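Read through the structure below, which is laid out as structure tokens, and then see the notes.
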Amino acid sequence: MKATRFGRNAAIAVLAVGALALTACGSDNATGAAPAATPSAAAVKVTGTLTGIGASSTGAAMDAWKAAFASANPGATVQYSPDGSGAGRKAILDGSAQFAGSDAYLTDAELATSKTKCGTDGAINIPVYVSPIAVAFNIPNVKDLKLDADTVAKMFRGQITNWNDPAIAALNSGVTLPDLKVTPVNRSDDSGTTQNFTDYLAAAAPSVWTDKAAGVWPASLKGENAKGTSGVVKTVTDTPGAVTYADDSAVSGKLGTAQIKVGSDFVKISAAAAAKAVELGKPVAGRPTGDLSIKLDRTTTDSSAYPVVLVSYHVVCTTYDKKETADLVKAFESYVVSDAGQQAAAGSAKSAPLSKALQDKAKAAVDSIKAKA
């Protein structure tokens with residue numbers, strides 16, 4: 001099968017998927033049940049099993065993508081384990097997965113290592129999902145608070161220990177704050193959400209958050225911890241006074257979310273505000289052709305942007321050993337970055353669709369994937 005023929009096949013598959021009305025429930029962060037997708041007889045069949053490992057934040061979006069892709073391609077299966085971004089990056093680098101989901105792009109060192117399994121051009125980071133990270137809390141009778149970066153950092157460092165602390169009260173005139181212990185809850189696994197959250201704190205509250213941005217929570221800090229997005233959300237839901245950081249798609253029920261101070265204003269969490277933050281970002285310098293890693297501006301003063309945001313990437317090889325694998329990866333990723341795929345994610349996970357410019361670059365990156373001759 002020639003590459004040009006594959007391109008037509010993938011396009012037809014995407015069009016067939018686009019006809020599906022999709023909602024889904026996340027395997028790691030439930031957002032509601034969904035009806036089964038109806039298979040499309042018009043879809044050109046791509047067959048085989050595609051294995052991915054990685055971010056738990058995209059659980060709801062991944063379920064929507066998998067259902068639609070399987071419906072259009074009954075002979076194809078996408079398996080995805082939401083074991084965390086760090087686990088995903090490790091898996092693509094050691095060859096135990098054919099793609100990784102990661103809320104943090106590969107480091108330069110990881111890019112160099114990727115050449116062992118992914119050919120001389122290594123792996124590339126393709127953005128597939130844009131979502132705000134909620135600072136989510138469980139305070140009886142309070143669902144909305146205003147917080148700035150220093151105050152958030154102090155809560156997670158154990159320097160603010162009670163919800164009626166004067167620093168919180170000063171930002172929330174008119175809100176009755178209880179005499180209730182602040183219990184910070186962090187991710188126990190190597191997490192891209194942690195990487196993005198600590199990147200925000202290190203940039204926006206440098207005098208308080210003295211640790212470097214990292215996917216692993218600082219061991220020196222006390223607090224509760226739990227694995228995965230669903231783990232931290234459940235812990236906070238079950239613990240009055242608890243606070244965590246989690247993909248907004250997973251936050252519901254009794255949990256409130258904070259508005260974040262940007263410049264002189266407070267910005268409510270939303271997909272649109274997250275998309276604006278990504279728009280203000282810049283390409284990471286020194287990256288190979290096709291790599292679309294984005295450096296986010298965490299200290300913007302643009303009050304239409306919500307800076308506590310993550311861009312989740314699918315990390316794929318530029319070269320696969322087998323043509324069947326390359327074709328399967330290209331077909332799936334072509335759908336994920338398509339209009340239909342982005343709208344499916346937005347509908348199930350409250351994410352922001354990729355901008356047209358970023359979407360076009362992502363499609364071109366997917367098209368560049370090849371198999372060894």
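Ordered as shown in the structure tokens, chains take letters A, B, and onward, while each chain numbers its residues from 1 and ligands are numbered from 1 in the order shown.
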Which of segment 69-282 of chain A fall in alpha helix (DSSP H), as a PyMOL selection string
chain A and resi 69-72+85-94+108-118+149-156+166-171+192-204+228-237+271-279
Would you mind listing what lies within 8 Å of segment 354-356 of chain A as a ChimeraX atom specification, with only C-alpha atoms counted and same-chain residues fewer than 2 positions away left out?
/A:128-130,275,337,342,352,358-360
Would you save the residues from that selection as a CSV table (one decimal), in the first residue's frame, using C-alpha atoms?
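Printed below is result-v2.csv as written:
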```csv
chain,number,residue,atom,x,y,z
A,128,VAL,CA,-3.9,16.6,20.9
A,129,TYR,CA,-5.6,18.0,24.0
A,130,VAL,CA,-5.7,21.4,25.7
A,275,ALA,CA,-7.0,28.0,24.6
A,337,VAL,CA,-6.4,15.9,15.6
A,342,GLN,CA,-11.3,17.6,18.7
A,352,ALA,CA,-10.4,23.3,24.1
A,358,LEU,CA,-2.0,24.2,15.4
A,359,GLN,CA,-4.3,21.6,14.0
A,360,ASP,CA,-2.8,22.1,10.5
```
Nearest to Ala226 of chain A: which of A:Phe332, A:Phe69, A:Gly84, A:Gly286 is it, counting only C-alpha atoms?
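Among the listed residues, the smallest separation from Ala226 of chain A belongs to A:Gly84.
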Between A:Ala61, A:Val243, A:Val329, A:Val216, which residue has the minimum interatomic distance to Lys370 of chain A, considering only C-alpha atoms?
A:Val329
To one decimal place in Å, what is the distance between atom CA of Lys276 of chain A and atom CA of Tyr313 of chain A?
17.6 Å
Which residue, A:Glu224, A:Glu279, A:Asp199, A:Asp103, has the smallest gap to Phe156 of chain A when you use only C-alpha atoms?
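Smallest distance to Phe156 of chain A is found for A:Glu224.
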I'd like to know which of A:Gly119, A:Pro240, A:Pro132, A:Pro178 is closest to Tyr306 of chain A, using only C-alpha atoms.
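When distances to Tyr306 of chain A are compared using only C-alpha atoms, the smallest one comes from A:Pro132.
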Residue contacts of segment 107-110 of chain A (8 Å, only C-alpha atoms) excluding same-chain residues fewer than 3 positions away, as a PyMOL selection string:
chain A and resi 93+113-114
Output N, CA, C and O atoms of each residue in that selection to a file, as a compact mmCIF listing (two decimals), in the first residue's frame.
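Output below, filename selection-v2.txt:
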```txt
# COMPACT_ATOMS: atom_id res chain seq x y z
N LEU A 93 9.80 5.18 24.95
CA LEU A 93 11.26 5.14 24.83
C LEU A 93 11.80 3.71 24.88
O LEU A 93 12.81 3.41 24.24
N THR A 113 17.28 9.82 23.48
CA THR A 113 17.08 8.40 23.77
C THR A 113 16.08 7.77 22.80
O THR A 113 16.21 6.59 22.44
N SER A 114 15.09 8.54 22.35
CA SER A 114 14.04 8.00 21.49
C SER A 114 14.56 7.47 20.16
O SER A 114 13.90 6.67 19.50
```
Among segment 119-211 of chain A, which residues does DSSP mark as strand (DSSP E) when it is run on the backbone? Keep the chain and numbering as in the structure and answer as number ranges by chain.
A: 123-137, 144-147, 183-187
